[in-house]
$ cat target.txt   # compact mmCIF, N, CA and C atoms
# COMPACT_ATOMS: atom_id res chain seq x y z
N MET A 1 91.02 146.63 95.67
CA MET A 1 91.24 145.36 95.01
C MET A 1 90.38 144.30 95.71
N PRO A 2 89.56 143.56 94.97
CA PRO A 2 88.68 142.56 95.59
C PRO A 2 89.49 141.40 96.15
N ASN A 3 88.92 140.79 97.19
CA ASN A 3 89.57 139.62 97.78
C ASN A 3 89.46 138.44 96.83
N GLU A 4 90.57 137.81 96.57
CA GLU A 4 90.56 136.65 95.69
C GLU A 4 90.32 135.40 96.53
N GLU A 5 89.46 134.53 96.03
CA GLU A 5 89.15 133.30 96.75
C GLU A 5 90.39 132.42 96.85
N PRO A 6 90.64 131.84 98.03
CA PRO A 6 91.82 130.99 98.18
C PRO A 6 91.74 129.76 97.27
N LYS A 7 92.90 129.35 96.78
CA LYS A 7 92.98 128.19 95.88
C LYS A 7 93.71 127.05 96.59
N LEU A 8 93.31 125.85 96.23
CA LEU A 8 93.95 124.65 96.74
C LEU A 8 94.62 123.93 95.58
N ARG A 9 95.78 123.36 95.81
CA ARG A 9 96.50 122.61 94.79
C ARG A 9 96.12 121.15 94.93
N ARG A 10 95.73 120.53 93.82
CA ARG A 10 95.35 119.12 93.82
C ARG A 10 96.10 118.38 92.72
N THR A 11 96.31 117.10 92.94
CA THR A 11 96.96 116.24 91.96
C THR A 11 96.03 115.06 91.69
N LEU A 12 95.67 114.91 90.43
CA LEU A 12 94.77 113.84 90.00
C LEU A 12 95.61 112.77 89.33
N HIS A 13 95.45 111.51 89.75
CA HIS A 13 96.11 110.37 89.12
C HIS A 13 95.04 109.55 88.41
N VAL A 14 95.22 109.37 87.11
CA VAL A 14 94.32 108.54 86.31
C VAL A 14 95.14 107.33 85.87
N LYS A 15 94.82 106.16 86.43
CA LYS A 15 95.60 104.94 86.19
C LYS A 15 94.83 103.99 85.28
N PHE A 16 95.54 103.43 84.30
CA PHE A 16 94.89 102.51 83.37
C PHE A 16 95.94 101.68 82.65
N THR A 17 95.45 100.64 81.95
CA THR A 17 96.30 99.78 81.14
C THR A 17 95.88 99.94 79.68
N LEU A 18 96.88 100.10 78.82
CA LEU A 18 96.65 100.21 77.38
C LEU A 18 97.47 99.12 76.70
N PRO A 19 96.82 98.03 76.24
CA PRO A 19 97.57 96.97 75.58
C PRO A 19 98.38 97.52 74.41
N GLY A 20 99.60 97.07 74.29
CA GLY A 20 100.48 97.56 73.24
C GLY A 20 101.39 98.68 73.71
N GLY A 21 100.95 99.42 74.70
CA GLY A 21 101.79 100.44 75.31
C GLY A 21 102.17 101.61 74.42
N ASP A 22 101.39 101.93 73.38
CA ASP A 22 101.70 103.06 72.50
C ASP A 22 101.01 104.32 73.03
N PRO A 23 101.78 105.28 73.55
CA PRO A 23 101.17 106.46 74.14
C PRO A 23 100.76 107.55 73.15
N GLY A 24 101.01 107.38 71.86
CA GLY A 24 100.76 108.43 70.87
C GLY A 24 99.37 109.01 70.91
N GLN A 25 98.33 108.17 70.84
CA GLN A 25 96.95 108.66 70.86
C GLN A 25 96.60 109.29 72.21
N LEU A 26 97.15 108.73 73.28
CA LEU A 26 96.89 109.29 74.61
C LEU A 26 97.46 110.70 74.72
N LEU A 27 98.65 110.91 74.18
CA LEU A 27 99.25 112.24 74.21
C LEU A 27 98.42 113.24 73.42
N GLN A 28 97.88 112.81 72.28
CA GLN A 28 97.01 113.69 71.50
C GLN A 28 95.74 114.04 72.28
N MET A 29 95.17 113.06 72.97
CA MET A 29 93.98 113.30 73.75
C MET A 29 94.28 114.27 74.90
N MET A 30 95.44 114.12 75.53
CA MET A 30 95.83 115.02 76.60
C MET A 30 95.93 116.46 76.08
N GLN A 31 96.53 116.62 74.91
CA GLN A 31 96.66 117.96 74.34
C GLN A 31 95.30 118.56 74.02
N ALA A 32 94.39 117.73 73.53
CA ALA A 32 93.04 118.21 73.22
C ALA A 32 92.28 118.60 74.49
N ALA A 33 92.55 117.92 75.59
CA ALA A 33 91.85 118.18 76.85
C ALA A 33 92.49 119.30 77.67
N ALA A 34 93.66 119.76 77.29
CA ALA A 34 94.38 120.78 78.07
C ALA A 34 93.53 122.02 78.35
N PRO A 35 92.79 122.57 77.37
CA PRO A 35 91.99 123.77 77.68
C PRO A 35 90.95 123.52 78.78
N PHE A 36 90.39 122.33 78.83
CA PHE A 36 89.42 122.00 79.88
C PHE A 36 90.09 122.09 81.26
N TRP A 37 91.25 121.46 81.40
CA TRP A 37 91.93 121.45 82.70
C TRP A 37 92.47 122.83 83.04
N GLN A 38 92.88 123.61 82.03
CA GLN A 38 93.36 124.97 82.28
C GLN A 38 92.26 125.84 82.88
N ALA A 39 91.01 125.51 82.59
CA ALA A 39 89.89 126.28 83.15
C ALA A 39 89.90 126.22 84.68
N PHE A 40 90.45 125.15 85.25
CA PHE A 40 90.56 125.06 86.71
C PHE A 40 91.67 125.97 87.22
N GLY A 41 92.64 126.29 86.37
CA GLY A 41 93.74 127.19 86.75
C GLY A 41 95.00 126.45 87.10
N GLY A 42 96.10 126.92 86.54
CA GLY A 42 97.42 126.38 86.88
C GLY A 42 97.60 124.91 86.58
N ALA A 43 96.94 124.39 85.59
CA ALA A 43 97.00 122.96 85.30
C ALA A 43 98.30 122.56 84.61
N ARG A 44 98.78 121.38 84.98
CA ARG A 44 99.95 120.77 84.34
C ARG A 44 99.66 119.28 84.21
N MET A 45 99.88 118.73 83.01
CA MET A 45 99.59 117.31 82.78
C MET A 45 100.85 116.57 82.35
N THR A 46 100.97 115.35 82.84
CA THR A 46 102.09 114.48 82.51
C THR A 46 101.55 113.07 82.29
N LEU A 47 102.13 112.35 81.34
CA LEU A 47 101.77 110.96 81.13
C LEU A 47 102.99 110.11 81.48
N LEU A 48 102.80 109.19 82.43
CA LEU A 48 103.88 108.31 82.86
C LEU A 48 103.60 106.89 82.38
N GLN A 49 104.63 106.23 81.87
CA GLN A 49 104.52 104.85 81.42
C GLN A 49 105.36 103.99 82.35
N HIS A 50 104.79 102.89 82.83
CA HIS A 50 105.48 101.99 83.75
C HIS A 50 106.74 101.45 83.09
N ALA A 51 107.86 101.49 83.79
CA ALA A 51 109.15 101.09 83.22
C ALA A 51 109.22 99.59 82.93
N ASP A 52 108.59 98.77 83.75
CA ASP A 52 108.67 97.32 83.58
C ASP A 52 107.46 96.72 82.87
N ASN A 53 106.36 97.45 82.85
CA ASN A 53 105.13 96.99 82.20
C ASN A 53 104.64 98.14 81.31
N PRO A 54 105.11 98.22 80.05
CA PRO A 54 104.82 99.37 79.21
C PRO A 54 103.35 99.57 78.86
N GLY A 55 102.48 98.64 79.20
CA GLY A 55 101.06 98.82 78.97
C GLY A 55 100.36 99.58 80.09
N ARG A 56 101.06 99.79 81.22
CA ARG A 56 100.48 100.51 82.37
C ARG A 56 100.85 101.98 82.30
N PHE A 57 99.87 102.84 82.52
CA PHE A 57 100.08 104.28 82.46
C PHE A 57 99.45 104.96 83.67
N VAL A 58 100.02 106.11 84.01
CA VAL A 58 99.43 107.02 84.99
C VAL A 58 99.47 108.40 84.37
N GLN A 59 98.30 109.01 84.22
CA GLN A 59 98.23 110.39 83.78
C GLN A 59 98.14 111.23 85.05
N VAL A 60 99.06 112.17 85.20
CA VAL A 60 99.10 113.03 86.37
C VAL A 60 98.65 114.43 85.95
N ILE A 61 97.61 114.93 86.61
CA ILE A 61 97.08 116.26 86.31
C ILE A 61 97.15 117.06 87.60
N GLU A 62 98.00 118.08 87.61
CA GLU A 62 98.09 118.97 88.76
C GLU A 62 97.31 120.23 88.42
N TYR A 63 96.45 120.66 89.33
CA TYR A 63 95.62 121.83 89.06
C TYR A 63 95.31 122.56 90.35
N GLU A 64 94.85 123.80 90.19
CA GLU A 64 94.39 124.59 91.33
C GLU A 64 92.87 124.66 91.26
N THR A 65 92.26 124.64 92.40
CA THR A 65 90.81 124.72 92.46
C THR A 65 90.40 125.67 93.57
N PRO A 66 89.37 126.45 93.37
CA PRO A 66 88.89 127.31 94.46
C PRO A 66 88.48 126.45 95.66
N ALA A 67 88.72 126.97 96.85
CA ALA A 67 88.39 126.22 98.07
C ALA A 67 86.92 125.80 98.08
N ALA A 68 86.05 126.64 97.56
CA ALA A 68 84.62 126.30 97.54
C ALA A 68 84.34 125.07 96.67
N PHE A 69 85.11 124.88 95.59
CA PHE A 69 84.93 123.70 94.74
C PHE A 69 85.30 122.43 95.48
N GLU A 70 86.27 122.53 96.36
CA GLU A 70 86.72 121.33 97.09
C GLU A 70 85.57 120.75 97.89
N GLN A 71 84.73 121.62 98.43
CA GLN A 71 83.58 121.13 99.21
C GLN A 71 82.58 120.43 98.31
N GLY A 72 82.53 120.81 97.04
CA GLY A 72 81.58 120.22 96.11
C GLY A 72 82.27 119.33 95.09
N ARG A 73 83.32 118.61 95.51
CA ARG A 73 84.08 117.78 94.57
C ARG A 73 83.21 116.75 93.87
N GLN A 74 82.19 116.24 94.56
CA GLN A 74 81.29 115.28 93.93
C GLN A 74 80.55 115.94 92.77
N GLN A 75 80.24 117.25 92.93
CA GLN A 75 79.58 117.97 91.84
C GLN A 75 80.51 118.07 90.63
N ILE A 76 81.79 118.31 90.88
CA ILE A 76 82.76 118.39 89.79
C ILE A 76 82.87 117.03 89.10
N ALA A 77 82.94 115.96 89.89
CA ALA A 77 83.05 114.62 89.32
C ALA A 77 81.84 114.28 88.45
N SER A 78 80.69 114.84 88.78
CA SER A 78 79.50 114.55 87.99
C SER A 78 79.28 115.57 86.87
N ASP A 79 80.18 116.55 86.74
CA ASP A 79 80.09 117.55 85.68
C ASP A 79 80.15 116.86 84.32
N THR A 80 79.35 117.33 83.38
CA THR A 80 79.29 116.69 82.06
C THR A 80 80.62 116.76 81.32
N ASN A 81 81.39 117.83 81.51
CA ASN A 81 82.70 117.93 80.86
C ASN A 81 83.69 116.91 81.42
N VAL A 82 83.69 116.73 82.74
CA VAL A 82 84.56 115.72 83.36
C VAL A 82 84.14 114.34 82.89
N GLN A 83 82.84 114.07 82.88
CA GLN A 83 82.35 112.77 82.43
C GLN A 83 82.72 112.51 80.97
N ALA A 84 82.64 113.55 80.13
CA ALA A 84 83.02 113.40 78.72
C ALA A 84 84.49 113.06 78.59
N TYR A 85 85.34 113.67 79.42
CA TYR A 85 86.78 113.39 79.38
C TYR A 85 87.05 111.93 79.76
N VAL A 86 86.44 111.49 80.85
CA VAL A 86 86.64 110.10 81.30
C VAL A 86 86.09 109.14 80.25
N GLN A 87 84.95 109.46 79.65
CA GLN A 87 84.37 108.59 78.61
C GLN A 87 85.29 108.52 77.40
N ALA A 88 85.88 109.66 77.00
CA ALA A 88 86.81 109.66 75.87
C ALA A 88 88.02 108.79 76.18
N LEU A 89 88.52 108.86 77.41
CA LEU A 89 89.65 108.01 77.80
C LEU A 89 89.26 106.54 77.72
N ARG A 90 88.06 106.23 78.14
CA ARG A 90 87.60 104.83 78.12
C ARG A 90 87.46 104.28 76.70
N THR A 91 87.32 105.14 75.70
CA THR A 91 87.27 104.65 74.32
C THR A 91 88.64 104.13 73.89
N PHE A 92 89.71 104.63 74.50
CA PHE A 92 91.06 104.17 74.19
C PHE A 92 91.50 103.02 75.07
N VAL A 93 90.91 102.93 76.25
CA VAL A 93 91.36 101.98 77.26
C VAL A 93 90.30 100.90 77.44
N PRO A 94 90.64 99.63 77.15
CA PRO A 94 89.64 98.58 77.23
C PRO A 94 89.26 98.17 78.65
N GLY A 95 90.13 98.41 79.63
CA GLY A 95 89.86 97.97 81.00
C GLY A 95 89.40 99.10 81.90
N ALA A 96 89.59 98.89 83.18
CA ALA A 96 89.17 99.87 84.18
C ALA A 96 90.06 101.11 84.16
N VAL A 97 89.46 102.23 84.52
CA VAL A 97 90.17 103.48 84.69
C VAL A 97 90.02 103.87 86.15
N GLU A 98 91.14 104.00 86.86
CA GLU A 98 91.12 104.33 88.28
C GLU A 98 91.52 105.80 88.44
N VAL A 99 90.72 106.56 89.19
CA VAL A 99 90.98 107.98 89.37
C VAL A 99 91.12 108.27 90.86
N ASP A 100 92.25 108.89 91.24
CA ASP A 100 92.50 109.28 92.63
C ASP A 100 92.86 110.76 92.67
N ILE A 101 92.39 111.46 93.70
CA ILE A 101 92.74 112.87 93.89
C ILE A 101 93.57 112.98 95.16
N TYR A 102 94.72 113.64 95.05
CA TYR A 102 95.63 113.82 96.18
C TYR A 102 95.79 115.29 96.51
N ARG A 103 96.14 115.56 97.77
CA ARG A 103 96.47 116.91 98.18
C ARG A 103 97.89 116.92 98.71
N ASP A 104 98.57 118.02 98.54
CA ASP A 104 99.94 118.19 99.02
C ASP A 104 99.90 118.44 100.52
N VAL A 105 100.65 117.67 101.27
CA VAL A 105 100.69 117.84 102.72
C VAL A 105 101.94 118.60 103.17
N GLY A 106 102.73 119.09 102.21
CA GLY A 106 103.86 119.95 102.54
C GLY A 106 105.17 119.26 102.79
N GLY A 107 105.25 117.96 102.68
CA GLY A 107 106.50 117.26 102.93
C GLY A 107 107.32 117.15 101.66
N GLU A 108 108.27 118.07 101.47
CA GLU A 108 109.10 118.05 100.27
C GLU A 108 110.56 117.91 100.65
N ALA A 109 111.35 117.47 99.70
CA ALA A 109 112.78 117.31 99.92
C ALA A 109 113.44 118.68 100.05
N GLU A 110 114.54 118.70 100.80
CA GLU A 110 115.29 119.94 100.99
C GLU A 110 115.78 120.47 99.65
N GLY A 111 115.73 121.79 99.48
CA GLY A 111 116.21 122.40 98.25
C GLY A 111 115.13 122.64 97.22
N GLN A 112 113.91 122.18 97.49
CA GLN A 112 112.81 122.40 96.56
C GLN A 112 111.84 123.40 97.17
N GLU A 113 111.23 124.19 96.31
CA GLU A 113 110.26 125.18 96.75
C GLU A 113 109.05 124.47 97.32
N GLN A 114 108.57 124.93 98.46
CA GLN A 114 107.40 124.32 99.09
C GLN A 114 106.14 125.01 98.60
N ARG A 115 105.13 124.20 98.19
CA ARG A 115 103.86 124.74 97.72
C ARG A 115 102.87 124.77 98.87
N LYS A 116 101.94 125.70 98.77
CA LYS A 116 100.85 125.79 99.76
C LYS A 116 99.64 125.05 99.20
N SER A 117 98.94 124.34 100.07
CA SER A 117 97.69 123.68 99.64
C SER A 117 96.54 124.11 100.48
$ encode --input "target.txt" --output "structure tokens"
Amino acid sequence: MPNEEPKLRRTLHVKFTLPGGDPGQLLQMMQAAAPFWQAFGGARMTLLQHADNPGRFVQVIEYETPAAFEQGRQQIASDTNVQAYVQALRTFVPGAVEVDIYRDVGGEAEGQEQRKS
């Protein structure tokens, strides 16, 4: 059996404001983009709407990436598919789109399964 390359778990936060606060089109766009994120492996996407400011959203994308990709994250960010996704989001969002990538450091509450990163 060949050695499988180690994977790292990452969480991407895409923060933006959508005047009117209607998430319908955003949810459709997320569904359309799901196959792209699944290509990274183990992807899960969630759309969060701010409780006090319904125009503020955070799209959370959890995915696995090969350790070798982590070293070339700038290459991934400049990938034409990633750029197309961000550009499509910007057609819905009139303001800035903020993107942050987080890694799990292992600090979880008692009673929950701990993930490896």
$ residues_around --input "target.txt" --residues "segment 31-45 of chain A" --least-positions-apart "6" --cutoff "6 Å" --atoms "all atoms listed in the file" --output "PyMOL selection string"
chain A and resi 60-65
$ write_last_selection --input "target.txt" --atoms "N, CA and C atoms" --output "PDB file, in the frame of the given file"
ATOM      1  N   VAL A  60      99.060 112.170  85.200  1.00  0.00           N
ATOM      2  CA  VAL A  60      99.100 113.030  86.370  1.00  0.00           C
ATOM      3  C   VAL A  60      98.650 114.430  85.950  1.00  0.00           C
ATOM      4  N   ILE A  61      97.610 114.930  86.610  1.00  0.00           N
ATOM      5  CA  ILE A  61      97.080 116.260  86.310  1.00  0.00           C
ATOM      6  C   ILE A  61      97.150 117.060  87.600  1.00  0.00           C
ATOM      7  N   GLU A  62      98.000 118.080  87.610  1.00  0.00           N
ATOM      8  CA  GLU A  62      98.090 118.970  88.760  1.00  0.00           C
ATOM      9  C   GLU A  62      97.310 120.230  88.420  1.00  0.00           C
ATOM     10  N   TYR A  63      96.450 120.660  89.330  1.00  0.00           N
ATOM     11  CA  TYR A  63      95.620 121.830  89.060  1.00  0.00           C
ATOM     12  C   TYR A  63      95.310 122.560  90.350  1.00  0.00           C
ATOM     13  N   GLU A  64      94.850 123.800  90.190  1.00  0.00           N
ATOM     14  CA  GLU A  64      94.390 124.590  91.330  1.00  0.00           C
ATOM     15  C   GLU A  64      92.870 124.660  91.260  1.00  0.00           C
ATOM     16  N   THR A  65      92.260 124.640  92.400  1.00  0.00           N
ATOM     17  CA  THR A  65      90.810 124.720  92.460  1.00  0.00           C
ATOM     18  C   THR A  65      90.400 125.670  93.570  1.00  0.00           C
TER      19      THR A  65
END
$ residues_around --input "target.txt" --residues "segment 95-109 of chain A" --least-positions-apart "3" --cutoff "6 Å" --atoms "all atoms listed in the file" --output "VMD selection string"
chain A and resid 9 to 17 112 117
$ write_last_selection --input "target.txt" --atoms "N, CA and C atoms" --output "mmCIF file, in the coordinates of the input"
data_model
loop_
_atom_site.group_PDB
_atom_site.id
_atom_site.type_symbol
_atom_site.label_atom_id
_atom_site.label_comp_id
_atom_site.auth_asym_id
_atom_site.auth_seq_id
_atom_site.Cartn_x
_atom_site.Cartn_y
_atom_site.Cartn_z
ATOM 1 N N ARG A 9 95.780 123.360 95.810
ATOM 2 C CA ARG A 9 96.500 122.610 94.790
ATOM 3 C C ARG A 9 96.120 121.150 94.930
ATOM 4 N N ARG A 10 95.730 120.530 93.820
ATOM 5 C CA ARG A 10 95.350 119.120 93.820
ATOM 6 C C ARG A 10 96.100 118.380 92.720
ATOM 7 N N THR A 11 96.310 117.100 92.940
ATOM 8 C CA THR A 11 96.960 116.240 91.960
ATOM 9 C C THR A 11 96.030 115.060 91.690
ATOM 10 N N LEU A 12 95.670 114.910 90.430
ATOM 11 C CA LEU A 12 94.770 113.840 90.000
ATOM 12 C C LEU A 12 95.610 112.770 89.330
ATOM 13 N N HIS A 13 95.450 111.510 89.750
ATOM 14 C CA HIS A 13 96.110 110.370 89.120
ATOM 15 C C HIS A 13 95.040 109.550 88.410
ATOM 16 N N VAL A 14 95.220 109.370 87.110
ATOM 17 C CA VAL A 14 94.320 108.540 86.310
ATOM 18 C C VAL A 14 95.140 107.330 85.870
ATOM 19 N N LYS A 15 94.820 106.160 86.430
ATOM 20 C CA LYS A 15 95.600 104.940 86.190
ATOM 21 C C LYS A 15 94.830 103.990 85.280
ATOM 22 N N PHE A 16 95.540 103.430 84.300
ATOM 23 C CA PHE A 16 94.890 102.510 83.370
ATOM 24 C C PHE A 16 95.940 101.680 82.650
ATOM 25 N N THR A 17 95.450 100.640 81.950
ATOM 26 C CA THR A 17 96.300 99.780 81.140
ATOM 27 C C THR A 17 95.880 99.940 79.680
ATOM 28 N N GLN A 112 113.910 122.180 97.490
ATOM 29 C CA GLN A 112 112.810 122.400 96.560
ATOM 30 C C GLN A 112 111.840 123.400 97.170
ATOM 31 N N SER A 117 98.940 124.340 100.070
ATOM 32 C CA SER A 117 97.690 123.680 99.640
ATOM 33 C C SER A 117 96.540 124.110 100.480
#
$ axis_aligned_box --input "target.txt" --around "segment 83-90 of chain A" --padding-each-side "6 Å" --output "AutoDock Vina command-line options"
--center_x 86.0 --center_y 109.2 --center_z 79.4 --size_x 19.3 --size_y 21.8 --size_z 19.0
$ atom_distance --input "target.txt" --atom1 "atom N of Asp22 of chain A" --atom2 "atom N of Val82 of chain A"
24.9 Å
$ residues_around --input "target.txt" --residues "Arg56 of chain A" --least-positions-apart "3" --cutoff "6.5 Å" --atoms "only N, CA and C atoms" --output "list of chain:residue names"
A:Phe16, A:Thr17, A:Leu18, A:Gly21, A:Leu48, A:Gln49, A:His50, A:Asn53
$ write_last_selection --input "target.txt" --atoms "N, CA and C atoms" --output "CSV table (one decimal), in the frame of the given file"
chain,number,residue,atom,x,y,z
A,16,PHE,N,95.5,103.4,84.3
A,16,PHE,CA,94.9,102.5,83.4
A,16,PHE,C,95.9,101.7,82.6
A,17,THR,N,95.4,100.6,82.0
A,17,THR,CA,96.3,99.8,81.1
A,17,THR,C,95.9,99.9,79.7
A,18,LEU,N,96.9,100.1,78.8
A,18,LEU,CA,96.6,100.2,77.4
A,18,LEU,C,97.5,99.1,76.7
A,21,GLY,N,101.0,99.4,74.7
A,21,GLY,CA,101.8,100.4,75.3
A,21,GLY,C,102.2,101.6,74.4
A,48,LEU,N,102.8,109.2,82.4
A,48,LEU,CA,103.9,108.3,82.9
A,48,LEU,C,103.6,106.9,82.4
A,49,GLN,N,104.6,106.2,81.9
A,49,GLN,CA,104.5,104.8,81.4
A,49,GLN,C,105.4,104.0,82.4
A,50,HIS,N,104.8,102.9,82.8
A,50,HIS,CA,105.5,102.0,83.8
A,50,HIS,C,106.7,101.4,83.1
A,53,ASN,N,106.4,97.4,82.8
A,53,ASN,CA,105.1,97.0,82.2
A,53,ASN,C,104.6,98.1,81.3
$ closest_residue --input "target.txt" --among "A:Pro94, A:Pro19, A:Pro54, A:Pro6" --to "Pro66 of chain A" --atoms "only N, CA and C atoms"
A:Pro6
$ select_by_dssp --input "target.txt" --residues "segment 8-39 of chain A" --states "helix (DSSP H, G or I)" --output "PyMOL selection string"
chain A and resi 24-38
$ write_last_selection --input "target.txt" --atoms "N, CA and C atoms" --output "mmCIF file, keeping the file's coordinate frame"
data_model
loop_
_atom_site.group_PDB
_atom_site.id
_atom_site.type_symbol
_atom_site.label_atom_id
_atom_site.label_comp_id
_atom_site.auth_asym_id
_atom_site.auth_seq_id
_atom_site.Cartn_x
_atom_site.Cartn_y
_atom_site.Cartn_z
ATOM 1 N N GLY A 24 101.010 107.380 71.860
ATOM 2 C CA GLY A 24 100.760 108.430 70.870
ATOM 3 C C GLY A 24 99.370 109.010 70.910
ATOM 4 N N GLN A 25 98.330 108.170 70.840
ATOM 5 C CA GLN A 25 96.950 108.660 70.860
ATOM 6 C C GLN A 25 96.600 109.290 72.210
ATOM 7 N N LEU A 26 97.150 108.730 73.280
ATOM 8 C CA LEU A 26 96.890 109.290 74.610
ATOM 9 C C LEU A 26 97.460 110.700 74.720
ATOM 10 N N LEU A 27 98.650 110.910 74.180
ATOM 11 C CA LEU A 27 99.250 112.240 74.210
ATOM 12 C C LEU A 27 98.420 113.240 73.420
ATOM 13 N N GLN A 28 97.880 112.810 72.280
ATOM 14 C CA GLN A 28 97.010 113.690 71.500
ATOM 15 C C GLN A 28 95.740 114.040 72.280
ATOM 16 N N MET A 29 95.170 113.060 72.970
ATOM 17 C CA MET A 29 93.980 113.300 73.750
ATOM 18 C C MET A 29 94.280 114.270 74.900
ATOM 19 N N MET A 30 95.440 114.120 75.530
ATOM 20 C CA MET A 30 95.830 115.020 76.600
ATOM 21 C C MET A 30 95.930 116.460 76.080
ATOM 22 N N GLN A 31 96.530 116.620 74.910
ATOM 23 C CA GLN A 31 96.660 117.960 74.340
ATOM 24 C C GLN A 31 95.300 118.560 74.020
ATOM 25 N N ALA A 32 94.390 117.730 73.530
ATOM 26 C CA ALA A 32 93.040 118.210 73.220
ATOM 27 C C ALA A 32 92.280 118.600 74.490
ATOM 28 N N ALA A 33 92.550 117.920 75.590
ATOM 29 C CA ALA A 33 91.850 118.180 76.850
ATOM 30 C C ALA A 33 92.490 119.300 77.670
ATOM 31 N N ALA A 34 93.660 119.760 77.290
ATOM 32 C CA ALA A 34 94.380 120.780 78.070
ATOM 33 C C ALA A 34 93.530 122.020 78.350
ATOM 34 N N PRO A 35 92.790 122.570 77.370
ATOM 35 C CA PRO A 35 91.990 123.770 77.680
ATOM 36 C C PRO A 35 90.950 123.520 78.780
ATOM 37 N N PHE A 36 90.390 122.330 78.830
ATOM 38 C CA PHE A 36 89.420 122.000 79.880
ATOM 39 C C PHE A 36 90.090 122.090 81.260
ATOM 40 N N TRP A 37 91.250 121.460 81.400
ATOM 41 C CA TRP A 37 91.930 121.450 82.700
ATOM 42 C C TRP A 37 92.470 122.830 83.040
ATOM 43 N N GLN A 38 92.880 123.610 82.030
ATOM 44 C CA GLN A 38 93.360 124.970 82.280
ATOM 45 C C GLN A 38 92.260 125.840 82.880
#
$ atom_distance --input "target.txt" --atom1 "atom CA of Thr46 of chain A" --atom2 "atom C of Ala68 of chain A"
25.1 Å
$ atom_distance --input "target.txt" --atom1 "atom CA of Gly55 of chain A" --atom2 "atom CA of Phe92 of chain A"
12.3 Å
$ closest_residue --input "target.txt" --among "A:Ala51, A:Ala67, A:Met29, A:Leu8" --to "Ala88 of chain A" --atoms "all atoms listed in the file"
A:Met29
$ closest_residue --input "target.txt" --among "A:Leu89, A:Gln83, A:Lys7, A:Gln59" --to "Gln25 of chain A" --atoms "only C-alpha atoms"
A:Leu89
$ select_by_dssp --input "target.txt" --residues "segment 26-103 of chain A" --states "strand (DSSP E or B)" --output "ChimeraX atom specification"
/A:44-49,56-66,98-103
